[in-house]
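Student: Supplied structure: input37.txt, compact mmCIF, C-alpha atoms and all ligand atoms.
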# COMPACT_ATOMS: atom_id res chain seq x y z
CA MET A 1 0.00 0.00 0.00
CA ALA A 2 0.96 3.63 -0.24
CA GLU A 3 2.87 5.26 2.57
CA VAL A 4 0.72 8.04 4.00
CA VAL A 5 2.40 11.11 5.48
CA ILE A 6 0.07 13.42 7.39
CA VAL A 7 1.47 16.94 7.66
CA ARG A 8 0.43 20.14 9.43
CA ASP A 9 0.02 22.28 6.36
CA GLN A 10 0.86 22.78 2.72
CA ALA A 11 4.23 24.34 3.52
CA GLU A 12 5.36 21.21 5.38
CA ALA A 13 4.14 19.03 2.50
CA GLY A 14 6.04 21.18 0.02
CA ALA A 15 9.20 20.98 2.11
CA ILE A 16 9.10 17.17 2.48
CA VAL A 17 8.55 16.54 -1.23
CA ALA A 18 11.00 19.23 -2.36
CA ASP A 19 13.68 17.76 -0.04
CA GLU A 20 13.26 14.40 -1.77
CA ILE A 21 13.37 15.91 -5.27
CA ALA A 22 16.49 17.94 -4.43
CA ARG A 23 18.10 14.79 -3.00
CA ILE A 24 17.56 12.74 -6.17
CA VAL A 25 18.64 15.61 -8.45
CA ARG A 26 21.91 15.93 -6.48
CA LEU A 27 22.46 12.17 -6.87
CA ASP A 28 21.66 12.20 -10.58
CA PRO A 29 21.32 15.48 -12.49
CA ARG A 30 19.56 13.61 -15.31
CA VAL A 31 16.47 12.96 -13.18
CA VAL A 32 13.11 12.92 -14.99
CA LEU A 33 10.26 14.54 -13.07
CA GLY A 34 6.55 14.05 -13.72
CA LEU A 35 4.88 17.41 -13.20
CA ALA A 36 1.31 18.02 -12.07
CA THR A 37 -0.48 21.33 -12.51
CA GLY A 38 -3.46 22.74 -10.60
CA SER A 39 -3.17 24.23 -7.09
CA THR A 40 -1.89 21.22 -5.20
CA PRO A 41 1.76 21.00 -6.38
CA LEU A 42 2.44 24.73 -5.99
CA PRO A 43 3.93 24.44 -2.45
CA VAL A 44 6.35 21.84 -3.82
CA TYR A 45 7.48 24.08 -6.69
CA GLU A 46 7.74 26.99 -4.26
CA ALA A 47 9.89 24.99 -1.82
CA LEU A 48 12.07 23.70 -4.66
CA ARG A 49 13.26 27.20 -5.58
CA ALA A 50 15.51 27.54 -2.56
CA ARG A 51 16.55 23.88 -2.56
CA LEU A 52 17.68 23.85 -6.19
CA THR A 53 19.62 27.13 -5.97
CA GLY A 54 23.21 26.25 -6.81
CA VAL A 55 22.26 22.72 -7.92
CA ASP A 56 22.97 21.74 -11.54
CA VAL A 57 19.54 21.49 -13.16
CA SER A 58 20.75 21.80 -16.74
CA GLN A 59 20.03 18.14 -17.51
CA LEU A 60 16.87 17.76 -15.47
CA ARG A 61 13.89 16.70 -17.57
CA GLY A 62 10.18 17.11 -16.95
CA PHE A 63 6.93 15.77 -18.37
CA ALA A 64 3.63 17.40 -17.50
CA LEU A 65 0.66 15.15 -16.85
CA ASP A 66 -1.87 16.77 -19.08
CA GLU A 67 -3.11 19.67 -21.19
CA TYR A 68 -6.45 21.03 -22.34
CA VAL A 69 -7.31 20.23 -25.95
CA GLY A 70 -7.80 23.20 -28.25
CA ILE A 71 -6.65 25.83 -25.74
CA ASP A 72 -4.40 28.58 -27.09
CA PRO A 73 -0.94 27.63 -25.73
CA ALA A 74 -0.46 31.32 -24.92
CA HIS A 75 -3.58 31.31 -22.70
CA PRO A 76 -2.34 31.89 -19.13
CA GLU A 77 -4.21 28.77 -17.92
CA SER A 78 -2.97 26.42 -20.62
CA TYR A 79 -0.82 23.89 -18.79
CA ARG A 80 2.04 24.80 -21.12
CA ALA A 81 1.86 28.35 -19.75
CA VAL A 82 1.40 27.17 -16.14
CA ILE A 83 4.41 24.84 -16.31
CA ALA A 84 6.54 27.64 -17.82
CA ARG A 85 5.43 30.12 -15.14
CA GLU A 86 5.45 27.87 -12.06
CA VAL A 87 8.23 25.42 -12.83
CA VAL A 88 10.54 26.12 -15.77
CA GLU A 89 11.21 29.82 -15.17
CA PRO A 90 11.48 29.93 -11.36
CA LEU A 91 13.61 26.77 -11.20
CA GLY A 92 15.83 27.80 -14.11
CA LEU A 93 15.13 24.62 -16.11
CA ASP A 94 15.95 24.24 -19.78
CA PRO A 95 12.57 24.78 -21.53
CA ALA A 96 13.59 22.33 -24.26
CA ARG A 97 13.83 19.55 -21.66
CA VAL A 98 10.37 20.07 -20.17
CA ARG A 99 7.44 18.79 -22.22
CA VAL A 100 3.70 19.25 -21.99
CA PRO A 101 1.33 17.10 -24.07
CA ASP A 102 0.42 18.88 -27.29
CA GLY A 103 -3.24 19.85 -27.04
CA SER A 104 -3.41 21.65 -30.38
CA LEU A 105 -6.06 20.26 -32.72
CA ALA A 106 -3.63 19.79 -35.60
CA GLY A 107 -2.03 16.40 -35.03
CA ILE A 108 -4.04 15.53 -31.91
CA GLU A 109 -4.49 11.92 -33.19
CA HIS A 110 -0.75 11.33 -32.82
CA ALA A 111 -0.01 13.53 -29.83
CA GLY A 112 -0.52 10.73 -27.29
CA GLU A 113 1.78 8.30 -29.06
CA ASP A 114 4.44 10.98 -29.52
CA TYR A 115 4.31 11.81 -25.84
CA GLU A 116 4.61 8.19 -24.76
CA ARG A 117 7.63 7.76 -27.04
CA ALA A 118 9.29 10.87 -25.60
CA ILE A 119 8.85 9.61 -22.02
CA VAL A 120 10.33 6.22 -22.92
CA GLU A 121 13.25 7.86 -24.77
CA ALA A 122 13.99 9.98 -21.70
CA GLY A 123 14.31 6.77 -19.67
CA GLY A 124 10.94 7.01 -17.90
CA VAL A 125 9.79 9.22 -15.05
CA ASP A 126 11.76 8.92 -11.79
CA LEU A 127 9.38 10.83 -9.53
CA GLN A 128 5.81 11.66 -10.48
CA ILE A 129 4.04 14.43 -8.60
CA LEU A 130 0.26 13.99 -8.52
CA GLY A 131 -2.77 15.84 -7.24
CA ILE A 132 -6.18 14.19 -7.06
CA GLY A 133 -9.54 15.46 -8.28
CA THR A 134 -12.61 15.54 -6.03
CA ASP A 135 -13.96 12.73 -8.26
CA GLY A 136 -10.81 10.68 -7.70
CA HIS A 137 -9.08 11.43 -11.00
CA ILE A 138 -5.30 11.49 -11.28
CA GLY A 139 -3.91 13.23 -14.32
CA PHE A 140 -7.18 13.80 -16.12
CA ASN A 141 -8.08 10.12 -15.95
CA GLU A 142 -11.70 10.47 -15.02
CA PRO A 143 -13.69 7.66 -13.35
CA GLY A 144 -13.86 4.63 -15.64
CA SER A 145 -10.37 5.12 -17.10
CA SER A 146 -8.52 1.92 -17.86
CA PHE A 147 -5.65 1.04 -15.54
CA ALA A 148 -3.70 0.18 -18.70
CA SER A 149 -4.39 3.49 -20.45
CA LEU A 150 -1.62 5.53 -22.05
CA THR A 151 -1.54 9.20 -23.06
CA ARG A 152 -4.73 9.99 -24.97
CA VAL A 153 -7.62 12.41 -25.33
CA LYS A 154 -10.30 12.28 -22.61
CA THR A 155 -13.52 14.14 -21.91
CA LEU A 156 -13.55 16.05 -18.62
CA THR A 157 -16.44 15.43 -16.25
CA GLU A 158 -18.72 18.35 -15.48
CA GLN A 159 -17.44 18.10 -11.88
CA THR A 160 -13.85 18.64 -13.01
CA ARG A 161 -14.87 21.54 -15.26
CA GLU A 162 -16.66 23.14 -12.30
CA ASP A 163 -13.69 22.52 -10.01
CA ASN A 164 -11.37 24.16 -12.56
CA ALA A 165 -13.68 27.07 -13.39
CA ARG A 166 -11.80 29.13 -10.78
CA PHE A 167 -8.88 29.38 -13.21
CA PHE A 168 -11.09 30.76 -15.99
CA ASP A 169 -13.63 33.59 -16.35
CA SER A 170 -16.49 31.08 -16.14
CA VAL A 171 -17.17 27.35 -16.32
CA HIS A 172 -18.16 27.82 -19.97
CA ASP A 173 -14.55 28.70 -20.77
CA VAL A 174 -13.16 25.46 -19.32
CA PRO A 175 -12.36 23.16 -22.25
CA ARG A 176 -14.31 19.89 -22.45
CA HIS A 177 -11.43 17.77 -23.64
CA CYS A 178 -7.92 17.15 -22.47
CA ILE A 179 -4.92 15.06 -23.38
CA THR A 180 -3.59 13.21 -20.36
CA GLN A 181 -1.01 10.63 -19.43
CA GLY A 182 -2.89 7.40 -18.83
CA LEU A 183 -3.03 5.44 -15.61
CA GLY A 184 -0.66 2.96 -17.26
CA THR A 185 1.76 5.80 -18.01
CA ILE A 186 1.60 7.13 -14.46
CA MET A 187 2.07 3.67 -12.97
CA ARG A 188 5.39 3.28 -14.82
CA ALA A 189 6.96 6.11 -12.84
CA ARG A 190 9.50 4.79 -10.33
CA HIS A 191 8.10 6.79 -7.43
CA ILE A 192 4.64 8.31 -7.23
CA VAL A 193 4.01 11.17 -4.81
CA LEU A 194 0.37 12.14 -4.50
CA LEU A 195 -0.50 15.28 -2.53
CA ALA A 196 -3.89 16.49 -1.36
CA PHE A 197 -5.06 19.36 0.83
CA GLY A 198 -8.40 20.33 2.33
CA ALA A 199 -11.61 18.60 3.36
CA GLY A 200 -12.87 18.61 -0.22
CA LYS A 201 -10.28 15.95 -1.06
CA ALA A 202 -10.90 13.73 2.01
CA GLU A 203 -13.28 11.24 0.33
CA ALA A 204 -11.13 10.92 -2.79
CA VAL A 205 -8.00 10.35 -0.66
CA ALA A 206 -9.69 7.71 1.51
CA GLY A 207 -10.99 5.95 -1.61
CA ALA A 208 -7.59 6.05 -3.29
CA VAL A 209 -5.66 4.80 -0.26
CA GLU A 210 -8.08 2.49 1.53
CA GLY A 211 -10.98 1.81 -0.83
CA PRO A 212 -11.32 -0.99 -3.34
CA VAL A 213 -8.99 -0.81 -6.32
CA THR A 214 -11.41 0.26 -9.00
CA ALA A 215 -11.46 2.22 -12.25
CA SER A 216 -14.40 4.08 -10.71
CA LEU A 217 -11.86 5.83 -8.49
CA PRO A 218 -8.76 6.15 -10.70
CA GLY A 219 -6.54 7.29 -7.81
CA SER A 220 -6.95 3.82 -6.28
CA ALA A 221 -4.49 2.59 -8.94
CA ILE A 222 -1.70 3.81 -6.66
CA GLN A 223 -2.41 0.82 -4.37
CA LEU A 224 -0.86 -1.34 -7.10
CA HIS A 225 2.34 0.73 -7.24
CA PRO A 226 5.41 -0.57 -5.40
CA HIS A 227 6.55 2.90 -4.30
CA ALA A 228 3.72 5.36 -3.74
CA THR A 229 3.74 8.13 -1.15
CA VAL A 230 0.65 10.13 -0.20
CA VAL A 231 1.25 13.48 1.50
CA VAL A 232 -1.90 15.03 2.99
CA ASP A 233 -2.86 17.69 5.49
CA GLU A 234 -5.13 16.86 8.44
CA SER A 235 -8.31 17.86 6.56
CA ALA A 236 -7.53 15.72 3.52
CA ALA A 237 -6.65 12.86 5.91
CA SER A 238 -9.89 13.18 7.87
CA ALA A 239 -11.72 10.25 6.22
CA LEU A 240 -8.80 7.80 6.52
CA ALA A 241 -9.66 4.85 8.78
CA HIS A 242 -6.03 4.12 9.66
CA ALA A 243 -4.73 7.67 10.13
CA ASP A 244 -3.28 6.87 13.57
CA TYR A 245 -1.32 3.96 12.18
CA TYR A 246 0.09 6.14 9.37
CA ARG A 247 1.19 8.75 11.91
CA TYR A 248 2.81 6.08 14.07
CA ALA A 249 4.56 4.41 11.11
CA PHE A 250 5.95 7.72 9.80
CA ALA A 251 7.10 8.85 13.26
CA ASN A 252 9.01 5.56 13.60
CA LYS A 253 10.31 5.37 10.07
CA PRO A 254 13.99 4.44 9.79
CA GLU A 255 15.88 7.43 8.36
CA TRP A 256 17.72 5.30 5.81
CA GLN A 257 14.44 4.56 4.05
CA GLY A 258 14.03 8.12 2.73
CA LEU A 259 10.64 9.19 1.39
C1 LIG A 301 -3.27 18.44 -12.97
C2 LIG A 301 -3.97 17.18 -12.86
C3 LIG A 301 -5.15 16.98 -11.98
C4 LIG A 301 -5.09 17.77 -10.68
C5 LIG A 301 -6.40 17.61 -9.91
C6 LIG A 301 -6.41 18.39 -8.63
O1 LIG A 301 -2.17 18.30 -13.85
O2 LIG A 301 -3.59 16.27 -13.53
O3 LIG A 301 -5.27 15.62 -11.67
O4 LIG A 301 -4.02 17.35 -9.92
O5 LIG A 301 -7.47 18.02 -10.72
O6 LIG A 301 -6.39 19.74 -8.93
P1 LIG A 301 -6.03 20.83 -7.82
O7 LIG A 301 -4.65 20.55 -7.40
O8 LIG A 301 -6.14 22.15 -8.53
O9 LIG A 301 -7.02 20.63 -6.73
Now that the file is in, can you turn its structure into structure tokens?
Ligand code: F6R
Tutor:
Amino acid sequence: MAEVVIVRDQAEAGAIVADEIARIVRLDPRVVLGLATGSTPLPVYEALRARLTGVDVSQLRGFALDEYVGIDPAHPESYRAVIAREVVEPLGLDPARVRVPDGSLAGIEHAGEDYERAIVEAGGVDLQILGIGTDGHIGFNEPGSSFASLTRVKTLTEQTREDNARFFDSVHDVPRHCITQGLGTIMRARHIVLLAFGAGKAEAVAGAVEGPVTASLPGSAIQLHPHATVVVDESAASALAHADYYRYAFANKPEWQGL
């Protein structure tokens, strides 16, 4: 099962995950990161700024999880723009080494395959950062997504469009389609780190960590991963049946194990 780390707040979550990323980048500057967008990973990217100062990031590679289909790449809420603004620029990464799925309509039939090939050619993702949707999606793999799925076009649920309306002028401006790494793609990452904050995520987190493994709650796929870490604040942990055990296990974790 996933290791669950219950933290005080988003800053502590960001620090724990950023420490681990900085550690693996120092060990191997050619690390490949899987990058989530949305609100959840922002404390990690924020905490990484200080930790990567003075560290050689020239060879670091990144692959975003997803992109809206048909959105103007220059739109401030396209994930291409978000990754540039929140990750590439502040961390001083080489923009040519950080990819976002191509959501433009021209060539969309091949965009998934191309993306999969690029991830494989880069040697696969070493550490994948994930958020989780209130409906249990990871990436934009909405309920019902195959556990074997690879990068492809999906239709967003109305729930996800409403959840993401805060980034746009209105829900009507949220695209209906996306291109997302599949659950099969995500599961190939060597280490999965899923973060969640706030009571709104509590049911999805409990389902993903402790519920049945089911395509109806795509986040539950992480139970099949050999190295998955879930970092949650108290509110997001509030529906976990075994929260006390997770606290106890983390407090007594041997230091040599790392995250
Ligand atoms: C983003 C992504 C999504 C988000 C999820 C949670 O790249 O793939 O799975 O992680 O929708 O979004 P936030 O973090 O905004 O609550």
Student: Neighbouring residues of ligand LIG 301 (chain A) are defined here as those with any atom at most 6 Å from a ligand atom, counting all atoms listed in the file; list them as a PyMOL selection string.
Tutor: chain A and resi 36-40+65-66+130-133+137-140
Student: Which of these, A:Thr180, A:Ser58, A:Ser216, A:Ser145, has the shortest distance to A:Arg97 once you count only C-alpha atoms?
Tutor: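 The closest residue to A:Arg97 is A:Ser58.
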Student: Taking (-1.2, -1.0, -2.0) in the file's own coordinates, collect the residues within 6 Å, counting only C-alpha atoms, and hand them back as an NGL selection string.
Tutor: :A and (1-2 or 223-224)
Student: Using only C-alpha atoms, determine which residues lie at most 8 Å from A:Ala111, disregarding the query and same-chain residues fewer than 3 positions distant; provide the list as a list in words.
Tutor: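 The residues that qualify are Pro101, Asp102, Gly103, Gly107, Ile108, Asp114, Tyr115 and Arg152 of chain A.
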Student: If you take all atoms listed in the file and a cut-off of 9 Å, which residues of stretch 207-230 of chain A touch stretch 235-256 of chain A, and what are their nearest atom pairs and distances in Å to one decimal, in chain and number order, as a tab-separated table?
Tutor:
residue	atom	partner	partner_atom	distance
A:Gly207	CA	A:Leu240	CA	8.6
A:Val209	CA	A:Leu240	CA	8.1
A:Glu210	CA	A:Leu240	CA	7.3
Student: Counting all atoms listed in the file, figure out which residue out of A:Asp56, A:Asp72, A:Glu67, A:Glu113 gets nearest to A:Asp94.
Tutor: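 That would be A:Asp56, the residue with the smallest distance to A:Asp94.
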